[in-house]
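Here's the structure we're looking at; comments come further down.
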Amino acid sequence: MESAAIIRECSDVRNMGVDTAYGRSGVWLDSPLIDMIHGEGYTRHQFPGMCRAFDNYDIDIVKQPMLIYPSLHYQNGGIEINERCESNIPGLFIAGEASGGVHGRNRLMGNSVLDYNVFGRRVGKQASEYAKSVKLGKLSLEHVTAYAGEMTDQGIDSDLISPVILPSYTPEDVRLHQLARLGNIPARHSILRSRIGCGCGNGKEGK
Ligand SMILES: Cc1cc2nc3c(=O)[nH]c(=O)nc-3n(C[C@H](O)[C@H](O)[C@H](O)COP(=O)(O)OP(=O)(O)OC[C@H]3O[C@@H](n4cnc5c(N)ncnc54)[C@H](O)[C@@H]3O)c2cc1C
């Protein structure tokens, strides 16, 4: 709820966010209030890692508020697995956020580290066992070409880098930077290309 409220305040609709040097907006988190409520030393005792991180930039969050904005913290996956981390696609093993069901509808704090240690180990063991028996076919990128062909046949014009299952939470300016890095902007996306000044950041004219 807090995140939704912060995002709403910073949205184009309300436009109440504090501008940052990076062109984004955020809100001030009143961290000095924590010591005022719970007593001196509480913040440094309870949040030592965060204090250290901010100390590195000469910001004392006990005395100064922090400029914050919510980001995606965890995705409750969705791919069903069995106790050996196998999905229903032979050879596709899953652990971590991509898997579903381990945490129910929400994850308890800190349980992701536990999750990927336990299931990451299982995946490794199971996949290496599986690899011993599997016969590899010929590797190719034909599926990518086929996918691009299907998109063209269906008249779908998209600047997505690859098929995505989950919505992108990446802000537009960061996405432009990613596209520029990949040098992957097709000629038809003239607006994107002109905004980042193609050459596309890789020293070559993008195709
Ligand atoms: C700010 C923050 C703080 C957190 N703090 C805690 C905490 O204190 N305790 C806790 O338990 N959990 C915490 N979490 C959650 C935890 O870190 C994550 O749930 C965990 O790292 C997820 O691990 P994963 O292996 O499932 O996914 P990821 O760590 O996201 O690994 C996925 C990997 O796949 C790669 N990848 C993605 N797409 C492709 C592709 N198409 N081809 C090839 N590679 C690809 C990515 O680059 C990435 O390396 C925190 C998360 C955040 C964001």
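Ligands are numbered from 1 in the order shown, chains are lettered A, B, ... in the order of the structure tokens, and residues start at 1 in each chain.
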
- Please, which residues have at least one atom within 9 Å of an atom of ligand 1, using only C-alpha atoms and all ligand atoms, listed as a PyMOL selection string? chain A and resi 71-77+94-99+107-116+120+162-164

- Message: For the alpha helix (DSSP H) assignment from backbone DSSP, which residues of chain A qualify? Please present them as an NGL selection string.
- Response: :A and (2-10 or 32-38 or 42-46 or 48-55 or 111-133 or 142-153 or 172-182 or 190-196)

- Query: Where in stretch 4-97 of chain A does DSSP assign strand (DSSP E), given as number ranges by chain?
  - Reply: A: 18-19, 25-29, 66-68

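For the pair atom CA of A:Ser3 and atom CA of A:Phe47, the interatomic distance is 19.7 Å.
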
- Query: Quick one: residues within 10 Å of stretch 127-134 of chain A, only C-alpha atoms counted, chain neighbours fewer than 2 positions away excluded, as a ChimeraX atom specification?
  - Reply: /A:84-86,90-94,121-125,136-137

- Query: Which residues come within 10 Å of A:Val18, counting only C-alpha atoms, excluding same-chain residues fewer than 6 positions away, as a ChimeraX atom specification?
  - Reply: /A:9-10,24-28,67-68

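If you look at atom CA of A:Gln154 and atom CA of A:Leu176, they are 25.3 Å away from each other.
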
- Message: For a quick check of understanding, using only C-alpha atoms, which of A:Gly78, A:Lys63, A:Thr152, A:Tyr22 has the smallest distance to A:Gly41?
- Response: A:Lys63
